[in-house]
$ cat start.cif   # mmCIF, C-alpha atoms and all ligand atoms
data_coords
#
loop_
_atom_site.group_PDB
_atom_site.id
_atom_site.type_symbol
_atom_site.label_atom_id
_atom_site.label_comp_id
_atom_site.auth_asym_id
_atom_site.auth_seq_id
_atom_site.Cartn_x
_atom_site.Cartn_y
_atom_site.Cartn_z
ATOM 1 C CA MET A 90 0.000 0.000 0.000
ATOM 2 C CA LYS A 91 1.553 3.278 -1.067
ATOM 3 C CA ALA A 92 -0.114 5.414 1.615
ATOM 4 C CA PRO A 93 0.662 6.529 5.176
ATOM 5 C CA ILE A 94 -0.934 4.785 8.170
ATOM 6 C CA PHE A 95 -2.279 7.332 10.688
ATOM 7 C CA LEU A 96 -2.717 6.415 14.351
ATOM 8 C CA LYS A 97 -5.035 7.647 17.106
ATOM 9 C CA PRO A 98 -3.123 8.766 20.199
ATOM 10 C CA ILE A 99 -3.670 7.206 23.643
ATOM 11 C CA PHE A 100 -3.403 9.266 26.832
ATOM 12 C CA HIS A 101 -2.051 8.359 30.253
ATOM 13 C CA GLU A 102 -2.763 10.433 33.352
ATOM 14 C CA LYS A 103 0.161 11.023 35.694
ATOM 15 C CA ILE A 104 0.729 12.704 39.051
ATOM 16 C CA TRP A 105 3.075 15.140 37.260
ATOM 17 C CA GLY A 106 0.925 15.694 34.116
ATOM 18 C CA GLY A 107 -0.799 18.848 32.865
ATOM 19 C CA THR A 108 -2.876 20.265 29.994
ATOM 20 C CA ARG A 109 -0.233 21.104 27.385
ATOM 21 C CA LEU A 110 -1.239 18.132 25.206
ATOM 22 C CA GLN A 111 -4.565 19.884 24.718
ATOM 23 C CA ASP A 112 -3.255 23.464 24.749
ATOM 24 C CA LYS A 113 -0.556 22.812 22.133
ATOM 25 C CA TYR A 114 -1.914 19.976 19.997
ATOM 26 C CA GLY A 115 -5.663 20.192 20.588
ATOM 27 C CA TYR A 116 -5.967 16.617 21.823
ATOM 28 C CA ASP A 117 -9.062 15.584 23.737
ATOM 29 C CA ILE A 118 -7.297 14.735 27.012
ATOM 30 C CA PRO A 119 -8.904 12.839 29.902
ATOM 31 C CA SER A 120 -7.978 15.319 32.688
ATOM 32 C CA CYS A 121 -5.774 18.252 33.678
ATOM 33 C CA ARG A 122 -3.166 15.722 34.838
ATOM 34 C CA THR A 123 -2.465 14.174 31.468
ATOM 35 C CA GLY A 124 1.220 13.324 31.334
ATOM 36 C CA GLU A 125 1.762 11.124 28.300
ATOM 37 C CA CYS A 126 0.445 10.806 24.784
ATOM 38 C CA TRP A 127 1.397 7.392 23.393
ATOM 39 C CA ALA A 128 1.527 8.346 19.758
ATOM 40 C CA ILE A 129 3.050 5.355 17.941
ATOM 41 C CA SER A 130 2.888 2.247 20.089
ATOM 42 C CA ALA A 131 2.120 -1.455 19.849
ATOM 43 C CA HIS A 132 2.920 -2.041 23.520
ATOM 44 C CA PRO A 133 0.326 -4.065 25.500
ATOM 45 C CA ASN A 134 -0.061 -1.143 27.947
ATOM 46 C CA GLY A 135 -1.360 1.060 25.119
ATOM 47 C CA ALA A 136 -1.482 0.069 21.446
ATOM 48 C CA ASN A 137 -2.645 2.727 18.981
ATOM 49 C CA ILE A 138 -5.526 2.156 16.589
ATOM 50 C CA VAL A 139 -5.252 2.889 12.872
ATOM 51 C CA ARG A 140 -7.563 5.749 11.878
ATOM 52 C CA ASN A 141 -7.471 5.619 8.059
ATOM 53 C CA GLY A 142 -7.372 3.368 5.013
ATOM 54 C CA PRO A 143 -7.874 -0.387 4.620
ATOM 55 C CA TYR A 144 -6.527 -1.177 8.115
ATOM 56 C CA GLU A 145 -8.755 1.293 9.973
ATOM 57 C CA GLY A 146 -9.749 -0.042 13.412
ATOM 58 C CA LEU A 147 -6.826 -2.467 13.781
ATOM 59 C CA THR A 148 -4.246 -1.890 16.496
ATOM 60 C CA LEU A 149 -0.626 -1.381 15.548
ATOM 61 C CA ALA A 150 0.107 -4.671 17.357
ATOM 62 C CA GLU A 151 -2.372 -6.510 15.107
ATOM 63 C CA LEU A 152 -0.934 -4.823 12.057
ATOM 64 C CA TRP A 153 2.578 -5.915 13.061
ATOM 65 C CA GLN A 154 1.427 -9.550 13.579
ATOM 66 C CA ASN A 155 -0.743 -9.907 10.506
ATOM 67 C CA HIS A 156 0.860 -7.636 7.919
ATOM 68 C CA PRO A 157 4.639 -8.008 8.181
ATOM 69 C CA GLU A 158 4.906 -6.891 4.551
ATOM 70 C CA LEU A 159 4.044 -3.332 5.676
ATOM 71 C CA PHE A 160 7.192 -3.351 7.825
ATOM 72 C CA GLY A 161 9.570 -4.940 5.318
ATOM 73 C CA HIS A 162 9.403 -8.231 7.279
ATOM 74 C CA PHE A 163 11.574 -6.547 9.905
ATOM 75 C CA LYS A 164 13.038 -9.181 12.233
ATOM 76 C CA SER A 165 11.604 -8.594 15.690
ATOM 77 C CA ASP A 166 8.941 -10.474 17.661
ATOM 78 C CA ARG A 167 7.222 -7.135 18.406
ATOM 79 C CA PHE A 168 7.000 -3.602 17.040
ATOM 80 C CA PRO A 169 10.333 -2.384 18.392
ATOM 81 C CA LEU A 170 9.794 1.337 19.038
ATOM 82 C CA LEU A 171 7.433 3.633 20.912
ATOM 83 C CA THR A 172 6.914 7.352 20.320
ATOM 84 C CA LYS A 173 5.468 9.450 23.149
ATOM 85 C CA ILE A 174 4.832 13.093 23.801
ATOM 86 C CA ILE A 175 5.331 13.988 27.442
ATOM 87 C CA ASP A 176 3.943 16.988 29.306
ATOM 88 C CA ALA A 177 6.027 17.338 32.469
ATOM 89 C CA ASN A 178 3.943 19.901 34.323
ATOM 90 C CA ASP A 179 5.840 18.832 37.440
ATOM 91 C CA ASP A 180 9.064 16.867 38.015
ATOM 92 C CA LEU A 181 9.084 13.213 36.948
ATOM 93 C CA SER A 182 10.579 10.729 39.394
ATOM 94 C CA VAL A 183 14.335 10.215 39.249
ATOM 95 C CA GLN A 184 14.569 6.908 37.428
ATOM 96 C CA VAL A 185 16.586 4.436 35.436
ATOM 97 C CA HIS A 186 15.688 1.726 32.918
ATOM 98 C CA PRO A 187 17.224 -1.738 32.443
ATOM 99 C CA ASP A 188 18.921 -3.020 29.287
ATOM 100 C CA ASP A 189 17.525 -5.884 27.173
ATOM 101 C CA GLU A 190 19.368 -8.606 29.017
ATOM 102 C CA TYR A 191 18.311 -7.510 32.519
ATOM 103 C CA ALA A 192 14.699 -6.907 31.433
ATOM 104 C CA ARG A 193 14.439 -10.279 29.656
ATOM 105 C CA THR A 194 15.553 -12.126 32.813
ATOM 106 C CA ASN A 195 13.878 -9.996 35.493
ATOM 107 C CA GLU A 196 10.795 -8.495 33.796
ATOM 108 C CA ASN A 197 9.023 -11.345 31.984
ATOM 109 C CA GLY A 198 10.712 -10.913 28.642
ATOM 110 C CA GLU A 199 10.155 -7.165 28.281
ATOM 111 C CA LEU A 200 12.638 -5.205 26.222
ATOM 112 C CA GLY A 201 15.123 -2.920 27.883
ATOM 113 C CA LYS A 202 14.552 0.796 27.514
ATOM 114 C CA THR A 203 16.964 3.037 25.737
ATOM 115 C CA GLU A 204 15.244 6.334 24.991
ATOM 116 C CA CYS A 205 15.887 9.797 23.632
ATOM 117 C CA TRP A 206 14.241 13.189 23.952
ATOM 118 C CA TYR A 207 13.617 16.048 21.592
ATOM 119 C CA ILE A 208 12.693 19.132 23.640
ATOM 120 C CA ILE A 209 9.701 20.606 21.779
ATOM 121 C CA ASP A 210 9.222 23.378 24.306
ATOM 122 C CA CYS A 211 10.163 24.260 27.865
ATOM 123 C CA GLU A 212 9.855 27.037 30.393
ATOM 124 C CA GLU A 213 12.598 29.628 30.812
ATOM 125 C CA GLY A 214 15.302 28.144 33.048
ATOM 126 C CA ALA A 215 14.020 24.553 32.764
ATOM 127 C CA GLU A 216 16.381 21.677 33.559
ATOM 128 C CA ILE A 217 16.560 17.933 33.391
ATOM 129 C CA ILE A 218 18.351 15.420 35.577
ATOM 130 C CA PHE A 219 20.811 13.560 33.401
ATOM 131 C CA GLY A 220 23.425 11.370 35.074
ATOM 132 C CA HIS A 221 24.933 11.501 38.561
ATOM 133 C CA HIS A 222 28.153 12.257 40.406
ATOM 134 C CA ALA A 223 28.809 8.946 42.225
ATOM 135 C CA GLN A 224 32.098 7.249 41.373
ATOM 136 C CA THR A 225 31.306 3.765 42.719
ATOM 137 C CA LYS A 226 28.165 1.717 43.359
ATOM 138 C CA GLU A 227 28.875 1.955 47.114
ATOM 139 C CA GLU A 228 28.967 5.733 46.942
ATOM 140 C CA PHE A 229 25.795 5.733 44.832
ATOM 141 C CA ALA A 230 24.004 3.511 47.371
ATOM 142 C CA SER A 231 25.025 5.604 50.372
ATOM 143 C CA MET A 232 24.062 8.901 48.709
ATOM 144 C CA VAL A 233 20.617 7.411 47.964
ATOM 145 C CA GLU A 234 20.273 6.033 51.481
ATOM 146 C CA GLU A 235 21.243 9.342 53.081
ATOM 147 C CA GLY A 236 19.038 11.329 50.692
ATOM 148 C CA ARG A 237 21.965 13.452 49.452
ATOM 149 C CA TRP A 238 20.123 14.242 46.226
ATOM 150 C CA ASN A 239 21.867 17.538 45.528
ATOM 151 C CA ASP A 240 25.271 15.807 45.703
ATOM 152 C CA LEU A 241 24.147 12.826 43.646
ATOM 153 C CA LEU A 242 22.066 14.228 40.803
ATOM 154 C CA GLN A 243 23.510 15.999 37.806
ATOM 155 C CA ARG A 244 21.280 18.811 36.540
ATOM 156 C CA VAL A 245 21.503 20.061 32.967
ATOM 157 C CA PRO A 246 19.840 23.250 31.625
ATOM 158 C CA ILE A 247 17.689 22.748 28.522
ATOM 159 C CA ALA A 248 16.232 24.828 25.695
ATOM 160 C CA PRO A 249 13.699 24.110 22.942
ATOM 161 C CA GLY A 250 15.316 22.124 20.114
ATOM 162 C CA ASP A 251 17.785 20.265 22.376
ATOM 163 C CA PHE A 252 18.173 16.543 21.943
ATOM 164 C CA PHE A 253 19.288 13.979 24.539
ATOM 165 C CA TYR A 254 20.205 10.335 23.961
ATOM 166 C CA VAL A 255 19.466 8.356 27.126
ATOM 167 C CA PRO A 256 20.880 4.811 26.984
ATOM 168 C CA SER A 257 19.516 2.205 29.432
ATOM 169 C CA GLY A 258 21.359 2.486 32.761
ATOM 170 C CA THR A 259 21.391 6.324 32.680
ATOM 171 C CA LEU A 260 19.905 7.943 35.798
ATOM 172 C CA HIS A 261 17.491 10.647 34.605
ATOM 173 C CA ALA A 262 14.354 12.722 35.107
ATOM 174 C CA LEU A 263 12.411 15.181 33.034
ATOM 175 C CA CYS A 264 11.682 18.191 35.221
ATOM 176 C CA LYS A 265 8.859 20.694 35.543
ATOM 177 C CA GLY A 266 7.923 22.781 32.527
ATOM 178 C CA THR A 267 9.219 20.426 29.821
ATOM 179 C CA PHE A 268 7.328 19.288 26.715
ATOM 180 C CA VAL A 269 9.130 16.484 24.971
ATOM 181 C CA LEU A 270 8.879 14.014 22.125
ATOM 182 C CA GLU A 271 10.380 10.733 23.268
ATOM 183 C CA THR A 272 11.508 7.942 20.967
ATOM 184 C CA GLN A 273 12.236 4.756 22.887
ATOM 185 C CA GLN A 274 12.370 0.984 22.747
ATOM 186 C CA SER A 275 8.911 -0.534 23.147
ATOM 187 C CA SER A 276 9.167 -1.097 26.894
ATOM 188 C CA ASP A 277 7.358 0.122 29.995
ATOM 189 C CA ILE A 278 9.903 -0.782 32.686
ATOM 190 C CA THR A 279 10.939 2.051 35.022
ATOM 191 C CA TYR A 280 12.908 1.770 38.264
ATOM 192 C CA ARG A 281 12.177 4.737 40.515
ATOM 193 C CA VAL A 282 15.019 5.981 42.698
ATOM 194 C CA TYR A 283 13.486 9.132 44.152
ATOM 195 C CA ASP A 284 9.999 10.620 43.920
ATOM 196 C CA TYR A 285 10.495 13.790 46.033
ATOM 197 C CA ASP A 286 8.420 12.134 48.812
ATOM 198 C CA ARG A 287 5.283 13.066 46.868
ATOM 199 C CA ARG A 288 1.868 11.625 47.673
ATOM 200 C CA ASP A 289 -1.076 11.103 45.304
ATOM 201 C CA GLN A 290 -4.696 12.237 46.008
ATOM 202 C CA ASP A 291 -5.150 9.189 48.250
ATOM 203 C CA GLY A 292 -2.081 10.059 50.324
ATOM 204 C CA ASN A 293 0.042 7.220 48.940
ATOM 205 C CA LYS A 294 3.633 7.476 47.801
ATOM 206 C CA ARG A 295 4.596 5.725 44.583
ATOM 207 C CA GLU A 296 6.757 2.630 44.901
ATOM 208 C CA LEU A 297 10.543 2.902 44.666
ATOM 209 C CA HIS A 298 12.753 0.163 43.169
ATOM 210 C CA LEU A 299 16.133 0.844 44.755
ATOM 211 C CA GLU A 300 17.655 -2.614 44.500
ATOM 212 C CA LYS A 301 16.926 -3.024 40.798
ATOM 213 C CA ALA A 302 17.940 0.581 40.137
ATOM 214 C CA LEU A 303 21.302 0.027 41.795
ATOM 215 C CA ALA A 304 21.808 -3.138 39.754
ATOM 216 C CA VAL A 305 21.231 -1.445 36.376
ATOM 217 C CA THR A 306 22.606 2.091 36.865
ATOM 218 C CA ILE A 307 25.886 2.735 35.070
ATOM 219 C CA VAL A 308 28.462 4.006 37.627
ATOM 220 C CA PRO A 309 30.272 6.288 37.065
ATOM 221 C CA HIS A 310 27.951 8.100 34.656
ATOM 222 C CA THR A 311 29.276 8.192 31.109
ATOM 223 C CA HIS A 312 28.012 10.430 28.358
ATOM 224 C CA GLN A 313 28.969 10.548 24.722
ATOM 225 C CA LYS A 314 27.628 13.686 23.117
ATOM 226 C CA ALA A 315 27.339 13.348 19.371
ATOM 227 C CA GLU A 316 26.996 16.464 17.247
ATOM 228 C CA PRO A 317 23.876 16.240 15.080
ATOM 229 C CA ALA A 318 24.516 16.049 11.331
ATOM 230 C CA ILE A 319 22.530 18.580 9.288
ATOM 231 C CA MET A 320 21.760 18.440 5.592
ATOM 232 C CA LYS A 321 20.298 21.694 4.363
ATOM 233 C CA THR A 322 18.788 23.057 1.176
ATOM 234 C CA LYS A 323 16.621 26.103 0.526
ATOM 235 C CA GLN A 324 13.482 23.971 0.749
ATOM 236 C CA PHE A 325 14.226 21.757 3.745
ATOM 237 C CA ALA A 326 16.730 20.699 6.419
ATOM 238 C CA ILE A 327 17.245 17.175 7.711
ATOM 239 C CA THR A 328 18.960 16.829 11.082
ATOM 240 C CA THR A 329 20.207 13.404 12.173
ATOM 241 C CA PHE A 330 20.292 13.468 15.973
ATOM 242 C CA VAL A 331 21.276 9.907 16.721
ATOM 243 C CA GLU A 332 22.119 6.717 14.849
ATOM 244 C CA GLU A 333 22.419 4.038 17.483
ATOM 245 C CA ARG A 334 21.758 0.359 18.004
ATOM 246 C CA TYR A 335 18.002 0.649 18.614
ATOM 247 C CA PHE A 336 16.970 3.655 16.579
ATOM 248 C CA THR A 337 17.896 6.479 14.266
ATOM 249 C CA VAL A 338 16.104 9.780 14.888
ATOM 250 C CA TYR A 339 15.804 12.754 12.532
ATOM 251 C CA LYS A 340 14.137 16.114 12.403
ATOM 252 C CA TRP A 341 12.675 17.142 9.066
ATOM 253 C CA ASP A 342 12.211 20.914 8.726
ATOM 254 C CA VAL A 343 10.237 21.523 5.562
ATOM 255 C CA HIS A 344 10.096 25.121 4.310
ATOM 256 C CA GLU A 345 8.627 24.520 0.869
ATOM 257 C CA GLU A 346 8.921 20.953 -0.273
ATOM 258 C CA LEU A 347 10.713 17.741 0.628
ATOM 259 C CA ASN A 348 10.851 14.922 -1.946
ATOM 260 C CA MET A 349 12.092 11.518 -0.855
ATOM 261 C CA ILE A 350 11.927 7.803 -1.479
ATOM 262 C CA GLN A 351 11.024 5.614 1.493
ATOM 263 C CA GLU A 352 13.897 3.104 1.524
ATOM 264 C CA LYS A 353 13.756 1.893 5.158
ATOM 265 C CA PRO A 354 11.698 -1.054 6.426
ATOM 266 C CA PHE A 355 9.326 1.609 7.806
ATOM 267 C CA LEU A 356 9.410 5.119 9.273
ATOM 268 C CA LEU A 357 7.640 6.575 12.326
ATOM 269 C CA ALA A 358 6.696 10.227 11.871
ATOM 270 C CA SER A 359 5.237 12.845 14.220
ATOM 271 C CA VAL A 360 4.301 16.376 13.226
ATOM 272 C CA ILE A 361 5.515 18.643 16.023
ATOM 273 C CA ASP A 362 4.703 21.995 14.419
ATOM 274 C CA GLY A 363 3.234 23.645 11.339
ATOM 275 C CA GLN A 364 1.087 22.221 8.592
ATOM 276 C CA GLY A 365 1.416 20.778 5.130
ATOM 277 C CA VAL A 366 0.380 18.098 2.702
ATOM 278 C CA LEU A 367 1.804 14.603 2.262
ATOM 279 C CA HIS A 368 1.585 13.174 -1.250
ATOM 280 C CA THR A 369 2.337 9.566 -2.113
ATOM 281 C CA GLU A 370 1.601 7.643 -5.320
ATOM 282 C CA ASP A 371 -1.812 6.561 -3.983
ATOM 283 C CA SER A 372 -2.748 9.219 -1.461
ATOM 284 C CA ARG A 373 -2.926 12.832 -0.445
ATOM 285 C CA ASN A 374 -3.249 13.770 3.236
ATOM 286 C CA ALA A 375 -3.262 17.098 5.022
ATOM 287 C CA LEU A 376 -0.785 17.155 7.913
ATOM 288 C CA GLN A 377 -0.999 19.249 11.040
ATOM 289 C CA LYS A 378 0.818 19.415 14.348
ATOM 290 C CA GLY A 379 -0.084 16.499 16.596
ATOM 291 C CA ASP A 380 -0.470 14.003 13.713
ATOM 292 C CA HIS A 381 1.397 10.699 13.955
ATOM 293 C CA PHE A 382 1.806 8.148 11.180
ATOM 294 C CA ILE A 383 3.870 5.307 9.764
ATOM 295 C CA LEU A 384 5.331 5.284 6.269
ATOM 296 C CA PRO A 385 5.278 1.586 5.368
ATOM 297 C CA TYR A 386 7.698 -0.497 3.305
ATOM 298 C CA GLU A 387 7.505 0.037 -0.454
ATOM 299 C CA LEU A 388 5.734 3.363 -0.006
ATOM 300 C CA GLY A 389 7.998 4.570 -2.794
ATOM 301 C CA SER A 390 8.405 8.233 -3.557
ATOM 302 C CA PHE A 391 6.591 10.861 -1.539
ATOM 303 C CA SER A 392 6.591 14.589 -0.969
ATOM 304 C CA ILE A 393 5.754 16.867 1.920
ATOM 305 C CA LYS A 394 4.802 20.440 1.070
ATOM 306 C CA GLY A 395 4.240 23.250 3.506
ATOM 307 C CA GLU A 396 5.883 24.887 6.480
ATOM 308 C CA ILE A 397 6.130 21.927 8.822
ATOM 309 C CA GLN A 398 8.421 20.148 11.292
ATOM 310 C CA LEU A 399 8.488 16.418 11.959
ATOM 311 C CA ILE A 400 10.432 14.057 14.176
ATOM 312 C CA VAL A 401 11.049 10.865 12.235
ATOM 313 C CA SER A 402 12.612 7.593 13.338
ATOM 314 C CA HIS A 403 13.276 4.019 12.296
ATOM 315 C CA PRO A 404 14.748 1.024 14.078
HETATM 316 ZN ZN ZN A 501 12.773 7.363 31.391
#

$ encode --input "start.cif" --output "C-alpha cells" --more "lines below"
Ligand code: ZN
Amino acid sequence: MKAPIFLKPIFHEKIWGGTRLQDKYGYDIPSCRTGECWAISAHPNGANIVRNGPYEGLTLAELWQNHPELFGHFKSDRFPLLTKIIDANDDLSVQVHPDDEYARTNENGELGKTECWYIIDCEEGAEIIFGHHAQTKEEFASMVEEGRWNDLLQRVPIAPGDFFYVPSGTLHALCKGTFVLETQQSSDITYRVYDYDRRDQDGNKRELHLEKALAVTIVPHTHQKAEPAIMKTKQFAITTFVEERYFTVYKWDVHEELNMIQEKPFLLASVIDGQGVLHTEDSRNALQKGDHFILPYELGSFSIKGEIQLIVSHP
C-alpha cells in the first residue's frame, strides 16, 4: 500500500501531568493531569488504533502480527519502538531503565529501555536530571540512602530544540515545565530511585525500586555527546540526531517541499509543528501538528509540502 498509516493517540494520566497536550496539539485529554500521549505504540499497555485506510480499526500490534509486509518483514517479535509526547507539568521521578538482558531475565521478557528526547518546548530556566556524580556503586548507594540528592544528581539546563540520547542504565528525570517528544524501545519498565516524597490524592507514595535501580545504573555516569549532522537546502533541512543500536532519529524541517523515497523497512513520523500536505503515489493527506503516522515499506516516492516540522525515526 503506497499510503501513510495514521494512528489515534492514547493518553495516560500522571501525578506530574498537565494540559499542554490539549493546549498545544488540541488533543481531547482525559484530565488536567495528562502526562503522556502514546503516539506510535504497539505495547500491550497502550497500542494505537489505525484511523485511516484499509486497516482502519486495527491496532498497531495486530498490524505488526498480521501484515509483516508493511514493515519490510523486519526481524523482531514485536514492534520495536514507541513514540510518546510527554507533558512534564511537574518533576518526573528520578529513574533508570534496564537493558535488554536484565529486562528479559527480570521483567518477563520485556525489552530494555533506551530512549531519547527532543525538547519541543520548555519554560525559561528549565532543567533535566541527566546522570549523577557517584564514582562507585557503594557511593551511589550511600548517597541514595542518606538522601543526598543535591550531591548525587547531575542537573543540565535545557532549551527548545535540544536533543538527549538516554541509553539504558542512565539515571534521569524530566523536570517541571518540559514538553518532549520521546523515541524509545517498546518497553514500559521504570525503576524509581526518588519521587520527592510526593503523595497522590489518596495520600500514597509511589513505589521505589532501589535494589533493581542500583543493579542497572551505570556508575560512574558516562556520556557521549554526538553532534547532530545537518543536511540543508533552501526547501528543507534534515537533522540526524542519533544513529544508534536501537533507533535512528531525525528532524525534518520543511520550508517549501521535501521529496524523498522511502527506503527503510518503515518510518515513524510525528508532526511537532506547522502544517502541510503529504503526497504519495496513492494518497494525499493534510498534515498538522499532533499528527502521527507510519510510512510503510515500499511506499515509494513521496513529498511533503508546507511549512512543517516532523520528528522521524526508524529502528
Ligand atoms: Zn525514562

$ atom_distance --input "start.cif" --atom1 "CA of Ala128 (chain A)" --atom2 "CA of Ala375 (chain A)"
17.8 Å

$ closest_residue --input "start.cif" --among "A:Ile175, A:Leu357, A:Ile94, A:Leu297" --to "Arg140 (chain A)" --atoms "only C-alpha atoms"
A:Ile94

$ closest_residue --input "start.cif" --among "A:Tyr116, A:Trp238, A:Phe229, A:Tyr254" --to "ligand ZN 501 (chain A)" --atoms "all atoms listed in the file"
A:Tyr254

$ closest_residue --input "start.cif" --among "A:Lys321, A:His186, A:His221, A:His310" --to "ligand ZN 501 (chain A)" --atoms "only C-alpha atoms and all ligand atoms"
A:His186

$ atom_distance --input "start.cif" --atom1 "CA of Ala177 (chain A)" --atom2 "CA of Ile400 (chain A)"
19.1 Å

$ closest_residue --input "start.cif" --among "A:Asn134, A:Pro98, A:Tyr386, A:Phe355" --to "Ile118 (chain A)" --atoms "only C-alpha atoms"
A:Pro98

$ residues_near_ligand --input "start.cif" --ligand "ligand ZN 501 (chain A)" --cutoff "9 Å" --atoms "all atoms listed in the file" --output "ChimeraX atom specification"
/A:181-186,202-205,255,257,259-263,273,278-280

$ closest_residue --input "start.cif" --among "A:Leu367, A:Leu200, A:Met90, A:Leu171" --to "Phe336 (chain A)" --atoms "all atoms listed in the file"
A:Leu171

$ resolve_selection --input "start.cif" --expression "the PyMOL selection byres (((chain A and resi 125-127) around 8) and not hetatm)" --output "JSON list (two decimals) with C-alpha atoms, in the frame of the given file"
[["chain", "number", "residue", "atom", "x", "y", "z"],
["A", 98, "PRO", "CA", -3.12, 8.77, 20.20],
["A", 99, "ILE", "CA", -3.67, 7.21, 23.64],
["A", 100, "PHE", "CA", -3.40, 9.27, 26.83],
["A", 101, "HIS", "CA", -2.05, 8.36, 30.25],
["A", 102, "GLU", "CA", -2.76, 10.43, 33.35],
["A", 103, "LYS", "CA", 0.16, 11.02, 35.69],
["A", 106, "GLY", "CA", 0.92, 15.69, 34.12],
["A", 110, "LEU", "CA", -1.24, 18.13, 25.21],
["A", 123, "THR", "CA", -2.46, 14.17, 31.47],
["A", 124, "GLY", "CA", 1.22, 13.32, 31.33],
["A", 128, "ALA", "CA", 1.53, 8.35, 19.76],
["A", 129, "ILE", "CA", 3.05, 5.36, 17.94],
["A", 130, "SER", "CA", 2.89, 2.25, 20.09],
["A", 135, "GLY", "CA", -1.36, 1.06, 25.12],
["A", 137, "ASN", "CA", -2.64, 2.73, 18.98],
["A", 171, "LEU", "CA", 7.43, 3.63, 20.91],
["A", 172, "THR", "CA", 6.91, 7.35, 20.32],
["A", 173, "LYS", "CA", 5.47, 9.45, 23.15],
["A", 174, "ILE", "CA", 4.83, 13.09, 23.80],
["A", 175, "ILE", "CA", 5.33, 13.99, 27.44],
["A", 176, "ASP", "CA", 3.94, 16.99, 29.31]]

$ resolve_selection --input "start.cif" --expression "the PyMOL selection byres (((chain A and resi 305) around 9) and not hetatm)" --output "CSV table (one decimal) with C-alpha atoms, keeping the file's coordinate frame"
chain,number,residue,atom,x,y,z
A,185,VAL,CA,16.6,4.4,35.4
A,186,HIS,CA,15.7,1.7,32.9
A,187,PRO,CA,17.2,-1.7,32.4
A,188,ASP,CA,18.9,-3.0,29.3
A,191,TYR,CA,18.3,-7.5,32.5
A,257,SER,CA,19.5,2.2,29.4
A,258,GLY,CA,21.4,2.5,32.8
A,259,THR,CA,21.4,6.3,32.7
A,300,GLU,CA,17.7,-2.6,44.5
A,301,LYS,CA,16.9,-3.0,40.8
A,302,ALA,CA,17.9,0.6,40.1
A,303,LEU,CA,21.3,0.0,41.8
A,304,ALA,CA,21.8,-3.1,39.8
A,306,THR,CA,22.6,2.1,36.9
A,307,ILE,CA,25.9,2.7,35.1

$ atom_distance --input "start.cif" --atom1 "CA of Cys121 (chain A)" --atom2 "CA of Asp210 (chain A)"
18.4 Å

$ resolve_selection --input "start.cif" --expression "the PyMOL selection byres (((chain A and resi 377) around 9) and not hetatm)" --output "tab-separated table (two decimals) with C-alpha atoms, keeping the file's coordinate frame"
chain	number	residue	atom	x	y	z
A	360	VAL	CA	4.30	16.38	13.23
A	361	ILE	CA	5.52	18.64	16.02
A	362	ASP	CA	4.70	22.00	14.42
A	363	GLY	CA	3.23	23.64	11.34
A	364	GLN	CA	1.09	22.22	8.59
A	365	GLY	CA	1.42	20.78	5.13
A	366	VAL	CA	0.38	18.10	2.70
A	375	ALA	CA	-3.26	17.10	5.02
A	376	LEU	CA	-0.78	17.16	7.91
A	378	LYS	CA	0.82	19.42	14.35
A	379	GLY	CA	-0.08	16.50	16.60
A	380	ASP	CA	-0.47	14.00	13.71
A	397	ILE	CA	6.13	21.93	8.82

$ closest_residue --input "start.cif" --among "A:Ala92, A:Ala215, A:Leu149, A:Leu347" --to "Phe325 (chain A)" --atoms "all atoms listed in the file"
A:Leu347

$ residues_around --input "start.cif" --residues "Trp153 (chain A)" --least-positions-apart "4" --cutoff "8 Å" --atoms "only C-alpha atoms" --output "list in words"
Leu149, Pro157, Leu159, Phe160, Arg167 and Phe168 of chain A

$ residues_around --input "start.cif" --residues "Leu356 (chain A)" --least-positions-apart "2" --cutoff "9 Å" --atoms "all atoms listed in the file" --output "JSON, numbers by chain"
{"A": [160, 351, 353, 354, 358, 382, 383, 384, 385, 386, 401, 402, 403, 404]}

$ residues_near_point --input "start.cif" --point "(25.2, 15.1, 47.8)" --cutoff "12 Å" --atoms "only C-alpha atoms" --output "ChimeraX atom specification"
/A:221-223,228-243

$ write_last_selection --input "start.cif" --atoms "C-alpha atoms" --output "PDB file, keeping the file's coordinate frame"
ATOM      1  CA  HIS A 221      24.933  11.501  38.561  1.00  0.00           C
ATOM      2  CA  HIS A 222      28.153  12.257  40.406  1.00  0.00           C
ATOM      3  CA  ALA A 223      28.809   8.946  42.225  1.00  0.00           C
ATOM      4  CA  GLU A 228      28.967   5.733  46.942  1.00  0.00           C
ATOM      5  CA  PHE A 229      25.795   5.733  44.832  1.00  0.00           C
ATOM      6  CA  ALA A 230      24.004   3.511  47.371  1.00  0.00           C
ATOM      7  CA  SER A 231      25.025   5.604  50.372  1.00  0.00           C
ATOM      8  CA  MET A 232      24.062   8.901  48.709  1.00  0.00           C
ATOM      9  CA  VAL A 233      20.617   7.411  47.964  1.00  0.00           C
ATOM     10  CA  GLU A 234      20.273   6.033  51.481  1.00  0.00           C
ATOM     11  CA  GLU A 235      21.243   9.342  53.081  1.00  0.00           C
ATOM     12  CA  GLY A 236      19.038  11.329  50.692  1.00  0.00           C
ATOM     13  CA  ARG A 237      21.965  13.452  49.452  1.00  0.00           C
ATOM     14  CA  TRP A 238      20.123  14.242  46.226  1.00  0.00           C
ATOM     15  CA  ASN A 239      21.867  17.538  45.528  1.00  0.00           C
ATOM     16  CA  ASP A 240      25.271  15.807  45.703  1.00  0.00           C
ATOM     17  CA  LEU A 241      24.147  12.826  43.646  1.00  0.00           C
ATOM     18  CA  LEU A 242      22.066  14.228  40.803  1.00  0.00           C
ATOM     19  CA  GLN A 243      23.510  15.999  37.806  1.00  0.00           C
TER      20      GLN A 243
END

$ axis_aligned_box --input "start.cif" --around "region 313-327 of chain A" --padding-each-side "5 Å" --output "lines of an AutoDock Vina configuration file"
center_x = 21.2
center_y = 18.3
center_z = 12.6
size_x = 25.5
size_y = 25.6
size_z = 34.2

$ residues_near_point --input "start.cif" --point "(-3.3, 4.0, 13.0)" --cutoff "6 Å" --atoms "only C-alpha atoms" --output "list in words"
Ile94, Phe95, Leu96, Lys97, Ile138, Val139 and Arg140 of chain A
